[in-house]
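Source file: upload_10.cif. Holds: mmCIF, C-alpha atoms.
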data_run
#
loop_
_atom_site.group_PDB
_atom_site.id
_atom_site.type_symbol
_atom_site.label_atom_id
_atom_site.label_comp_id
_atom_site.auth_asym_id
_atom_site.auth_seq_id
_atom_site.Cartn_x
_atom_site.Cartn_y
_atom_site.Cartn_z
ATOM 1 C CA MET A 19 177.316 130.794 125.644
ATOM 2 C CA GLY A 20 175.472 129.352 122.674
ATOM 3 C CA ILE A 21 172.173 129.906 120.945
ATOM 4 C CA ASP A 22 169.272 127.685 121.947
ATOM 5 C CA TRP A 23 167.683 126.435 118.688
ATOM 6 C CA ALA A 24 164.862 124.548 120.391
ATOM 7 C CA PRO A 25 161.451 125.463 118.999
ATOM 8 C CA VAL A 26 159.459 127.859 121.099
ATOM 9 C CA PRO A 27 156.029 126.464 121.920
ATOM 10 C CA ALA A 28 153.148 128.549 120.644
ATOM 11 C CA ARG A 29 151.184 130.364 123.265
ATOM 12 C CA ASP A 30 148.112 128.364 124.336
ATOM 13 C CA SER A 31 149.094 125.489 122.044
ATOM 14 C CA HIS A 32 147.425 123.069 124.451
ATOM 15 C CA ARG A 33 144.016 124.636 123.835
ATOM 16 C CA ARG A 34 141.976 123.310 120.982
ATOM 17 C CA ARG A 35 140.594 125.937 118.665
ATOM 18 C CA PRO A 36 136.982 125.150 117.727
ATOM 19 C CA ASP A 37 136.406 124.602 114.069
ATOM 20 C CA ARG A 38 133.402 126.330 112.542
ATOM 21 C CA GLY A 39 132.496 123.195 110.671
ATOM 22 C CA GLU A 40 133.021 120.570 113.328
ATOM 23 C CA GLY A 41 130.553 117.810 114.098
ATOM 24 C CA VAL A 42 127.804 117.009 111.619
ATOM 25 C CA VAL A 43 128.854 119.718 109.203
ATOM 26 C CA SER A 44 132.522 118.810 109.043
ATOM 27 C CA GLY A 45 133.713 118.949 105.464
ATOM 28 C CA PHE A 46 130.660 120.834 104.144
ATOM 29 C CA PRO A 47 132.072 123.867 102.367
ATOM 30 C CA TRP A 48 129.621 126.725 102.121
ATOM 31 C CA LEU A 49 129.977 126.678 98.351
ATOM 32 C CA SER A 50 128.128 123.354 98.257
ATOM 33 C CA VAL A 51 124.948 125.261 99.095
ATOM 34 C CA LEU A 52 125.552 127.414 96.029
ATOM 35 C CA TRP A 53 125.800 124.483 93.614
ATOM 36 C CA VAL A 54 123.079 122.325 95.148
ATOM 37 C CA THR A 55 120.422 125.056 95.198
ATOM 38 C CA PRO A 56 120.321 125.626 91.392
ATOM 39 C CA ILE A 57 120.183 121.876 90.761
ATOM 40 C CA VAL A 58 117.198 121.458 93.059
ATOM 41 C CA GLY A 59 115.573 124.569 91.622
ATOM 42 C CA ALA A 60 116.023 123.344 88.047
ATOM 43 C CA GLY A 61 114.686 119.930 89.016
ATOM 44 C CA ALA A 62 111.648 121.453 90.641
ATOM 45 C CA VAL A 63 110.909 123.698 87.660
ATOM 46 C CA MET A 64 111.640 121.245 84.847
ATOM 47 C CA VAL A 65 111.129 117.735 86.201
ATOM 48 C CA LEU A 66 108.292 117.945 88.731
ATOM 49 C CA PRO A 67 105.664 119.327 86.296
ATOM 50 C CA ALA A 68 106.556 116.642 83.744
ATOM 51 C CA GLN A 69 106.295 113.971 86.423
ATOM 52 C CA ALA A 70 102.907 115.283 87.536
ATOM 53 C CA GLU A 71 101.701 115.284 83.930
ATOM 54 C CA ALA A 72 102.898 111.715 83.407
ATOM 55 C CA GLY A 73 100.868 110.539 86.394
ATOM 56 C CA ALA A 74 97.796 112.606 85.580
ATOM 57 C CA PHE A 75 96.151 109.887 83.486
ATOM 58 C CA TYR A 76 95.751 107.580 86.467
ATOM 59 C CA THR A 77 95.511 110.003 89.389
ATOM 60 C CA VAL A 78 92.584 111.844 87.808
ATOM 61 C CA ARG A 79 90.363 108.921 88.830
ATOM 62 C CA TYR A 80 91.808 108.621 92.339
ATOM 63 C CA ALA A 81 94.533 110.757 93.902
ATOM 64 C CA ALA A 82 97.768 109.051 94.897
ATOM 65 C CA PRO A 83 97.443 108.342 98.624
ATOM 66 C CA ASP A 84 101.143 108.966 99.290
ATOM 67 C CA THR A 85 100.751 112.638 98.360
ATOM 68 C CA SER A 86 98.625 113.259 101.456
ATOM 69 C CA VAL A 87 99.914 113.364 105.019
ATOM 70 C CA TRP A 88 97.776 110.458 106.183
ATOM 71 C CA TYR A 89 95.774 107.697 104.560
ATOM 72 C CA PHE A 90 94.646 104.182 105.378
ATOM 73 C CA PRO A 91 95.655 100.852 103.823
ATOM 74 C CA ASP A 92 92.224 100.635 102.183
ATOM 75 C CA ASP A 93 93.023 103.877 100.346
ATOM 76 C CA LEU A 94 95.974 102.145 98.664
ATOM 77 C CA TYR A 95 93.765 99.299 97.505
ATOM 78 C CA ALA A 96 91.050 101.725 96.344
ATOM 79 C CA ALA A 97 93.637 103.619 94.287
ATOM 80 C CA ALA A 98 94.953 100.351 92.831
ATOM 81 C CA GLU A 99 91.444 99.382 91.790
ATOM 82 C CA ALA A 100 90.615 102.812 90.343
ATOM 83 C CA TRP A 101 93.869 103.133 88.411
ATOM 84 C CA GLY A 102 93.635 99.812 86.616
ATOM 85 C CA ARG A 103 96.564 97.797 85.326
ATOM 86 C CA ASP A 104 98.121 100.631 83.283
ATOM 87 C CA GLY A 105 97.835 103.145 86.103
ATOM 88 C CA ARG A 106 99.398 100.758 88.602
ATOM 89 C CA ALA A 107 102.229 99.990 86.168
ATOM 90 C CA ALA A 108 102.865 103.708 85.636
ATOM 91 C CA TYR A 109 102.841 104.296 89.396
ATOM 92 C CA VAL A 110 105.336 101.493 90.029
ATOM 93 C CA HIS A 111 107.528 102.737 87.162
ATOM 94 C CA ALA A 112 107.593 106.236 88.673
ATOM 95 C CA ARG A 113 108.595 104.808 92.054
ATOM 96 C CA VAL A 114 111.548 102.841 90.647
ATOM 97 C CA THR A 115 112.786 105.648 88.364
ATOM 98 C CA PHE A 116 111.927 109.229 89.337
ATOM 99 C CA ASP A 117 111.343 108.470 93.017
ATOM 100 C CA VAL A 118 114.772 106.902 93.346
ATOM 101 C CA ILE A 119 116.534 110.088 92.205
ATOM 102 C CA TRP A 120 114.257 112.849 93.568
ATOM 103 C CA PRO A 121 114.708 111.988 97.287
ATOM 104 C CA MET A 122 118.482 112.122 96.799
ATOM 105 C CA VAL A 123 118.171 115.553 95.189
ATOM 106 C CA TYR A 124 115.947 117.151 97.823
ATOM 107 C CA GLY A 125 117.816 115.310 100.589
ATOM 108 C CA THR A 126 121.173 116.660 99.435
ATOM 109 C CA PHE A 127 119.735 120.165 99.205
ATOM 110 C CA LEU A 128 118.226 120.045 102.684
ATOM 111 C CA LEU A 129 121.260 118.341 104.248
ATOM 112 C CA THR A 130 123.786 120.841 102.880
ATOM 113 C CA THR A 131 121.567 123.843 103.506
ATOM 114 C CA LEU A 132 120.664 122.862 107.066
ATOM 115 C CA ALA A 133 124.276 122.011 107.861
ATOM 116 C CA TRP A 134 125.420 125.347 106.502
ATOM 117 C CA VAL A 135 122.705 127.403 108.212
ATOM 118 C CA TRP A 136 123.119 125.731 111.588
ATOM 119 C CA ALA A 137 126.919 125.949 111.450
ATOM 120 C CA ARG A 138 126.704 129.639 110.609
ATOM 121 C CA GLY A 139 125.410 130.827 113.910
ATOM 122 C CA LYS A 140 122.240 129.116 114.966
ATOM 123 C CA THR A 141 124.183 126.819 117.300
ATOM 124 C CA ALA A 142 127.383 126.875 119.262
ATOM 125 C CA SER A 143 130.245 124.713 118.156
ATOM 126 C CA GLY A 144 129.809 121.189 119.534
ATOM 127 C CA SER A 145 126.106 121.626 120.245
ATOM 128 C CA ARG A 146 123.849 118.596 119.887
ATOM 129 C CA TRP A 147 121.431 120.783 117.944
ATOM 130 C CA ARG A 148 123.769 120.566 114.959
ATOM 131 C CA GLY A 149 122.336 117.085 114.520
ATOM 132 C CA VAL A 150 119.209 118.671 113.010
ATOM 133 C CA ALA A 151 121.162 118.723 109.770
ATOM 134 C CA LEU A 152 120.626 114.947 109.646
ATOM 135 C CA LEU A 153 116.823 115.278 109.620
ATOM 136 C CA PRO A 154 116.726 115.205 105.780
ATOM 137 C CA VAL A 155 118.478 111.827 105.874
ATOM 138 C CA VAL A 156 115.553 110.541 107.956
ATOM 139 C CA ALA A 157 113.088 112.037 105.443
ATOM 140 C CA VAL A 158 114.842 110.359 102.509
ATOM 141 C CA ALA A 159 114.962 106.985 104.286
ATOM 142 C CA LEU A 160 111.251 107.221 105.082
ATOM 143 C CA ASP A 161 110.509 108.225 101.476
ATOM 144 C CA TYR A 162 112.328 105.136 100.178
ATOM 145 C CA ALA A 163 110.519 102.919 102.688
ATOM 146 C CA GLU A 164 107.206 104.431 101.607
ATOM 147 C CA ASN A 165 108.036 103.870 97.930
ATOM 148 C CA ILE A 166 108.958 100.237 98.497
ATOM 149 C CA CYS A 167 105.712 99.606 100.361
ATOM 150 C CA THR A 168 103.374 101.409 97.969
ATOM 151 C CA ALA A 169 105.031 100.099 94.799
ATOM 152 C CA THR A 170 104.883 96.539 96.124
ATOM 153 C CA VAL A 171 101.204 96.890 97.030
ATOM 154 C CA MET A 172 100.461 98.219 93.526
ATOM 155 C CA ALA A 173 102.574 95.589 91.769
ATOM 156 C CA ARG A 174 100.939 92.708 93.669
ATOM 157 C CA TYR A 175 97.365 93.960 93.343
ATOM 158 C CA PRO A 176 94.774 92.322 93.408
ATOM 159 C CA ALA A 177 96.678 90.178 95.903
ATOM 160 C CA ARG A 178 96.764 91.742 99.344
ATOM 161 C CA THR A 179 100.016 92.813 100.973
ATOM 162 C CA PRO A 180 98.814 93.564 104.514
ATOM 163 C CA VAL A 181 102.048 94.364 106.361
ATOM 164 C CA LEU A 182 103.369 96.733 103.693
ATOM 165 C CA ALA A 183 99.965 98.352 103.181
ATOM 166 C CA GLU A 184 99.803 99.066 106.912
ATOM 167 C CA LEU A 185 103.376 100.370 107.127
ATOM 168 C CA ALA A 186 103.119 102.657 104.083
ATOM 169 C CA PRO A 187 100.938 105.327 105.772
ATOM 170 C CA LEU A 188 103.306 105.431 108.759
ATOM 171 C CA PHE A 189 106.307 105.969 106.475
ATOM 172 C CA THR A 190 104.393 108.619 104.516
ATOM 173 C CA ALA A 191 103.396 110.551 107.643
ATOM 174 C CA GLY A 192 106.963 110.321 108.978
ATOM 175 C CA LYS A 193 108.368 111.548 105.663
ATOM 176 C CA TRP A 194 106.082 114.591 105.569
ATOM 177 C CA LEU A 195 106.798 115.361 109.224
ATOM 178 C CA ALA A 196 110.589 115.165 108.707
ATOM 179 C CA LEU A 197 110.396 117.245 105.518
ATOM 180 C CA SER A 198 108.221 119.885 107.160
ATOM 181 C CA ALA A 199 110.541 120.087 110.162
ATOM 182 C CA SER A 200 113.571 120.348 107.857
ATOM 183 C CA PHE A 201 112.101 123.315 106.006
ATOM 184 C CA MET A 202 110.955 124.987 109.230
ATOM 185 C CA LEU A 203 114.465 124.671 110.682
ATOM 186 C CA LEU A 204 115.966 126.549 107.751
#

I'd like the structure from this file rewritten - as C-alpha coordinates, please.
Amino acid sequence: MGIDWAPVPARDSHRRRPDRGEGVVSGFPWLSVLWVTPIVGAGAVMVLPAQAEAGAFYTVRYAAPDTSVWYFPDDLYAAAEAWGRDGRAAYVHARVTFDVIWPMVYGTFLLTTLAWVWARGKTASGSRWRGVALLPVVAVALDYAENICTATVMARYPARTPVLAELAPLFTAGKWLALSASFMLL
(Lines of atoms letter the chains of each structure in order from A and count residues from 1; the text may use other names and numbers.)
(Lines give C-alpha, C1' and ligand atoms only; values in the text may rest on other atoms or scores of the structure.)
Protein backbone atom coordinates (compact mmCIF):
# COMPACT_ATOMS: atom_id res chain seq x y z
CA MET A 1 0.00 0.00 0.00
CA GLY A 2 1.66 3.19 -1.17
CA ILE A 3 0.85 6.87 -1.21
CA ASP A 4 -0.73 8.29 -4.34
CA TRP A 5 1.21 11.48 -5.20
CA ALA A 6 -0.96 12.42 -8.16
CA PRO A 7 -2.22 15.99 -7.97
CA VAL A 8 -5.77 16.38 -6.82
CA PRO A 9 -7.82 18.39 -9.30
CA ALA A 10 -9.29 21.58 -7.90
CA ARG A 11 -13.00 21.57 -7.40
CA ASP A 12 -14.81 23.09 -10.39
CA SER A 13 -11.52 23.56 -12.24
CA HIS A 14 -13.36 23.13 -15.53
CA ARG A 15 -15.42 26.26 -14.92
CA ARG A 16 -14.00 29.54 -16.07
CA ARG A 17 -14.04 32.28 -13.48
CA PRO A 18 -15.12 35.59 -15.04
CA ASP A 19 -12.56 38.31 -14.85
CA ARG A 20 -13.78 41.72 -13.76
CA GLY A 21 -11.77 43.36 -16.49
CA GLU A 22 -12.48 41.06 -19.40
CA GLY A 23 -13.45 42.26 -22.86
CA VAL A 24 -12.90 45.88 -23.81
CA VAL A 25 -11.51 46.82 -20.43
CA SER A 26 -8.96 44.03 -20.17
CA GLY A 27 -5.70 45.40 -18.86
CA PHE A 28 -7.16 48.73 -17.68
CA PRO A 29 -6.15 49.01 -14.04
CA TRP A 30 -8.40 51.28 -12.04
CA LEU A 31 -5.41 53.39 -11.09
CA SER A 32 -5.18 54.61 -14.69
CA VAL A 33 -8.31 56.67 -14.04
CA LEU A 34 -6.49 58.32 -11.14
CA TRP A 35 -3.50 59.44 -13.23
CA VAL A 36 -5.40 60.38 -16.37
CA THR A 37 -7.95 62.61 -14.62
CA PRO A 38 -5.41 65.15 -13.23
CA ILE A 39 -3.66 65.36 -16.60
CA VAL A 40 -6.90 66.16 -18.39
CA GLY A 41 -7.90 68.57 -15.63
CA ALA A 42 -4.57 70.39 -15.80
CA GLY A 43 -4.80 70.54 -19.58
CA ALA A 44 -8.28 71.96 -19.43
CA VAL A 45 -7.33 74.60 -16.86
CA MET A 46 -3.95 75.63 -18.26
CA VAL A 47 -3.96 74.89 -21.99
CA LEU A 48 -7.52 75.48 -23.21
CA PRO A 49 -7.72 79.15 -22.11
CA ALA A 50 -4.36 79.88 -23.75
CA GLN A 51 -5.51 78.17 -26.93
CA ALA A 52 -8.74 80.17 -26.95
CA GLU A 53 -6.77 83.38 -26.45
CA ALA A 54 -4.40 82.51 -29.30
CA GLY A 55 -7.33 82.09 -31.68
CA ALA A 56 -9.24 85.13 -30.46
CA PHE A 57 -7.65 87.51 -32.96
CA TYR A 58 -9.23 85.74 -35.92
CA THR A 59 -12.40 84.26 -34.43
CA VAL A 60 -13.57 87.66 -33.19
CA ARG A 61 -14.53 88.49 -36.79
CA TYR A 62 -16.18 85.13 -37.47
CA ALA A 63 -16.55 82.21 -35.07
CA ALA A 64 -14.82 78.96 -35.95
CA PRO A 65 -17.49 76.78 -37.58
CA ASP A 66 -16.10 73.57 -36.09
CA THR A 67 -16.97 74.75 -32.57
CA SER A 68 -20.69 74.47 -33.34
CA VAL A 69 -22.62 71.22 -33.71
CA TRP A 70 -23.64 71.90 -37.30
CA TYR A 71 -22.58 74.25 -40.05
CA PHE A 72 -22.54 74.32 -43.83
CA PRO A 73 -19.61 74.27 -46.27
CA ASP A 74 -20.28 77.93 -47.08
CA ASP A 75 -19.65 78.74 -43.40
CA LEU A 76 -16.10 77.40 -43.76
CA TYR A 77 -15.47 79.61 -46.77
CA ALA A 78 -17.05 82.62 -45.03
CA ALA A 79 -14.75 82.09 -42.04
CA ALA A 80 -11.74 81.74 -44.35
CA GLU A 81 -12.62 85.03 -46.02
CA ALA A 82 -13.28 86.85 -42.74
CA TRP A 83 -10.11 85.60 -41.05
CA GLY A 84 -7.72 86.66 -43.77
CA ARG A 85 -4.36 85.07 -44.50
CA ASP A 86 -3.00 85.39 -40.93
CA GLY A 87 -6.16 84.02 -39.35
CA ARG A 88 -6.24 81.04 -41.70
CA ALA A 89 -2.55 80.35 -41.02
CA ALA A 90 -3.15 80.49 -37.26
CA TYR A 91 -6.14 78.17 -37.60
CA VAL A 92 -4.17 75.63 -39.63
CA HIS A 93 -1.26 75.86 -37.17
CA ALA A 94 -3.61 75.13 -34.26
CA ARG A 95 -5.01 72.10 -36.09
CA VAL A 96 -1.57 70.57 -36.73
CA THR A 97 -0.20 71.29 -33.23
CA PHE A 98 -2.71 71.61 -30.39
CA ASP A 99 -5.48 69.67 -32.12
CA VAL A 100 -3.20 66.70 -32.67
CA ILE A 101 -2.51 66.32 -28.93
CA TRP A 102 -5.82 67.42 -27.35
CA PRO A 103 -7.99 64.65 -28.89
CA MET A 104 -5.52 62.07 -27.56
CA VAL A 105 -5.76 63.60 -24.09
CA TYR A 106 -9.55 63.76 -23.87
CA GLY A 107 -9.85 60.42 -25.68
CA THR A 108 -7.58 58.68 -23.19
CA PHE A 109 -9.51 60.21 -20.30
CA LEU A 110 -12.89 59.15 -21.66
CA LEU A 111 -11.69 55.69 -22.74
CA THR A 112 -10.15 54.82 -19.36
CA THR A 113 -12.97 56.36 -17.37
CA LEU A 114 -15.75 54.72 -19.38
CA ALA A 115 -13.96 51.37 -19.31
CA TRP A 116 -13.52 51.62 -15.56
CA VAL A 117 -17.08 52.78 -14.84
CA TRP A 118 -18.72 50.19 -17.06
CA ALA A 119 -16.53 47.37 -15.73
CA ARG A 120 -17.38 48.36 -12.17
CA GLY A 121 -20.98 47.36 -12.22
CA LYS A 122 -22.94 48.99 -14.97
CA THR A 123 -22.72 45.83 -17.09
CA ALA A 124 -22.36 42.13 -16.57
CA SER A 125 -19.12 40.46 -17.49
CA GLY A 126 -19.10 39.64 -21.21
CA SER A 127 -21.90 42.07 -22.04
CA ARG A 128 -21.82 43.80 -25.42
CA TRP A 129 -22.56 47.06 -23.64
CA ARG A 130 -18.95 47.14 -22.46
CA GLY A 131 -18.18 48.25 -26.00
CA VAL A 132 -19.43 51.74 -25.08
CA ALA A 133 -15.95 52.29 -23.71
CA LEU A 134 -14.79 52.49 -27.34
CA LEU A 135 -17.06 55.45 -28.12
CA PRO A 136 -14.26 57.96 -27.32
CA VAL A 137 -12.10 56.29 -29.97
CA VAL A 138 -14.83 57.11 -32.50
CA ALA A 139 -14.93 60.72 -31.23
CA VAL A 140 -11.16 61.10 -31.59
CA ALA A 141 -11.17 59.62 -35.10
CA LEU A 142 -13.96 61.98 -36.14
CA ASP A 143 -12.10 64.92 -34.58
CA TYR A 144 -8.98 64.10 -36.62
CA ALA A 145 -11.05 63.72 -39.79
CA GLU A 146 -12.69 67.08 -39.09
CA ASN A 147 -9.31 68.73 -38.50
CA ILE A 148 -7.88 67.37 -41.74
CA CYS A 149 -10.87 68.64 -43.70
CA THR A 150 -11.10 72.09 -42.14
CA ALA A 151 -7.35 72.73 -42.14
CA THR A 152 -7.11 71.72 -45.79
CA VAL A 153 -10.00 74.00 -46.75
CA MET A 154 -8.33 76.90 -44.90
CA ALA A 155 -4.87 76.18 -46.32
CA ARG A 156 -6.16 76.01 -49.91
CA TYR A 157 -8.41 79.06 -49.71
CA PRO A 158 -9.34 80.88 -51.99
CA ALA A 159 -9.31 77.67 -54.02
CA ARG A 160 -12.36 75.54 -53.35
CA THR A 161 -12.10 72.09 -51.80
CA PRO A 162 -15.66 70.83 -52.28
CA VAL A 163 -15.47 67.23 -51.04
CA LEU A 164 -13.62 68.10 -47.83
CA ALA A 165 -15.77 71.17 -47.19
CA GLU A 166 -18.87 68.98 -47.45
CA LEU A 167 -17.46 66.20 -45.26
CA ALA A 168 -16.20 68.51 -42.50
CA PRO A 169 -19.66 69.32 -41.05
CA LEU A 170 -20.55 65.62 -40.97
CA PHE A 171 -17.35 64.80 -39.06
CA THR A 172 -17.97 67.72 -36.70
CA ALA A 173 -21.54 66.66 -35.93
CA GLY A 174 -20.40 63.05 -35.42
CA LYS A 175 -17.61 64.17 -33.10
CA TRP A 176 -19.95 66.23 -30.91
CA LEU A 177 -22.51 63.42 -30.85
CA ALA A 178 -19.90 60.82 -29.82
CA LEU A 179 -18.42 63.15 -27.19
CA SER A 180 -21.83 63.99 -25.76
CA ALA A 181 -22.79 60.32 -25.60
CA SER A 182 -19.46 59.47 -23.94
CA PHE A 183 -20.02 62.01 -21.18
CA MET A 184 -23.65 60.98 -20.72
CA LEU A 185 -22.60 57.33 -20.34
CA LEU A 186 -20.27 58.19 -17.47

In Å, how far is it from CA of Leu197 (chain A) to CA of Leu160 (chain A)?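 Straight-line distance from CA of Leu197 (chain A) to CA of Leu160 (chain A) works out to 10.1 Å.
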
Residue with smallest distance to Leu188 (chain A) - pool A:Thr168, A:Ala60, A:Arg146, A:Tyr175, counting all atoms listed in the file: A:Thr168

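For the choices A:Ala159, A:Ala169, A:Met64, A:Val54, the atom-to-atom distance to Phe189 (chain A) is smallest for A:Ala159 when using only C-alpha atoms.
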
With the PyMOL selection byres ((chain A and resi 117-131) around 8) as the selection, what would be picked from this file? Answer as JSON, numbers by chain, please. {"A": [46, 50, 51, 54, 55, 57, 58, 112, 113, 114, 115, 116, 132, 133, 134, 135, 151, 152, 153, 154, 155, 157, 158, 161, 162, 165, 200, 201, 204]}

May I have the selected residues written with C-alpha atoms, as a CSV table (one decimal), keeping the file's coordinate frame?
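Dumped everything to part.csv:
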chain,number,residue,atom,x,y,z
A,46,PHE,CA,130.7,120.8,104.1
A,50,SER,CA,128.1,123.4,98.3
A,51,VAL,CA,124.9,125.3,99.1
A,54,VAL,CA,123.1,122.3,95.1
A,55,THR,CA,120.4,125.1,95.2
A,57,ILE,CA,120.2,121.9,90.8
A,58,VAL,CA,117.2,121.5,93.1
A,112,ALA,CA,107.6,106.2,88.7
A,113,ARG,CA,108.6,104.8,92.1
A,114,VAL,CA,111.5,102.8,90.6
A,115,THR,CA,112.8,105.6,88.4
A,116,PHE,CA,111.9,109.2,89.3
A,132,LEU,CA,120.7,122.9,107.1
A,133,ALA,CA,124.3,122.0,107.9
A,134,TRP,CA,125.4,125.3,106.5
A,135,VAL,CA,122.7,127.4,108.2
A,151,ALA,CA,121.2,118.7,109.8
A,152,LEU,CA,120.6,114.9,109.6
A,153,LEU,CA,116.8,115.3,109.6
A,154,PRO,CA,116.7,115.2,105.8
A,155,VAL,CA,118.5,111.8,105.9
A,157,ALA,CA,113.1,112.0,105.4
A,158,VAL,CA,114.8,110.4,102.5
A,161,ASP,CA,110.5,108.2,101.5
A,162,TYR,CA,112.3,105.1,100.2
A,165,ASN,CA,108.0,103.9,97.9
A,200,SER,CA,113.6,120.3,107.9
A,201,PHE,CA,112.1,123.3,106.0
A,204,LEU,CA,116.0,126.5,107.8

Nearest to Gln69 (chain A), chosen from A:Ala108, A:Pro56, A:Arg103, A:Thr179, with all atoms listed in the file counted in the distances: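 Nearest to Gln69 (chain A): A:Ala108.
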
Can you sort out the box for region 118-133 of chain A, edges along x, y and z, all listed atoms in, 3 Å on every side, with centre and edge lengths in Å to one decimal, as JSON?
{"center_x": 119.3, "center_y": 115.4, "center_z": 100.0, "size_x": 16.0, "size_y": 22.9, "size_z": 21.7}

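With distances restricted to only C-alpha atoms, A:Ala97 is the closest residue to Tyr76 (chain A) from A:Ala137, A:Ala97, A:Ala62, A:Leu195.
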
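Put simply, the PyMOL selection byres ((chain A and resi 73) around 12) in this file takes in Leu66, Pro67, Ala68, Gln69, Ala70, Glu71, Ala72, Ala74, Phe75, Tyr76, Thr77, Val78, Arg79, Tyr80, Ala81, Ala82, Trp101, Asp104, Gly105, Arg106, Ala107, Ala108, Tyr109, Val110, His111, Ala112, Arg113 and Phe116 of chain A.
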
Separation of CA of Leu182 (chain A) from CA of Cys167 (chain A) in Å: 5.0 Å

Run the PyMOL selection byres ((chain A and resi 90) around 9) mentally over the shown coordinates, then write out the matched residues as a PyMOL selection string, using the chain letters and numbers from the document. chain A and resi 83+88-89+91-94+183-184+186-187

For the atom pair CA of Ala191 (chain A) and CA of Glu164 (chain A), what is the interatomic distance in Å to one decimal place? 9.4 Å

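Nearest to Trp136 (chain A) of all the residues A:Val171, A:Ala163, A:Leu203, A:Val87 is A:Leu203, counting all atoms listed in the file.
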
Name the residues in contact with Pro176 (chain A) at a cut-off of 9 Å, using only C-alpha atoms, excluding same-chain residues fewer than 3 positions from it; report them as a PyMOL selection string. chain A and resi 95+98-99+171-173

Using all atoms listed in the file: which of A:Arg178, A:Val150, A:Val65, A:Thr85 has the shortest distance to Ala196 (chain A): A:Val150
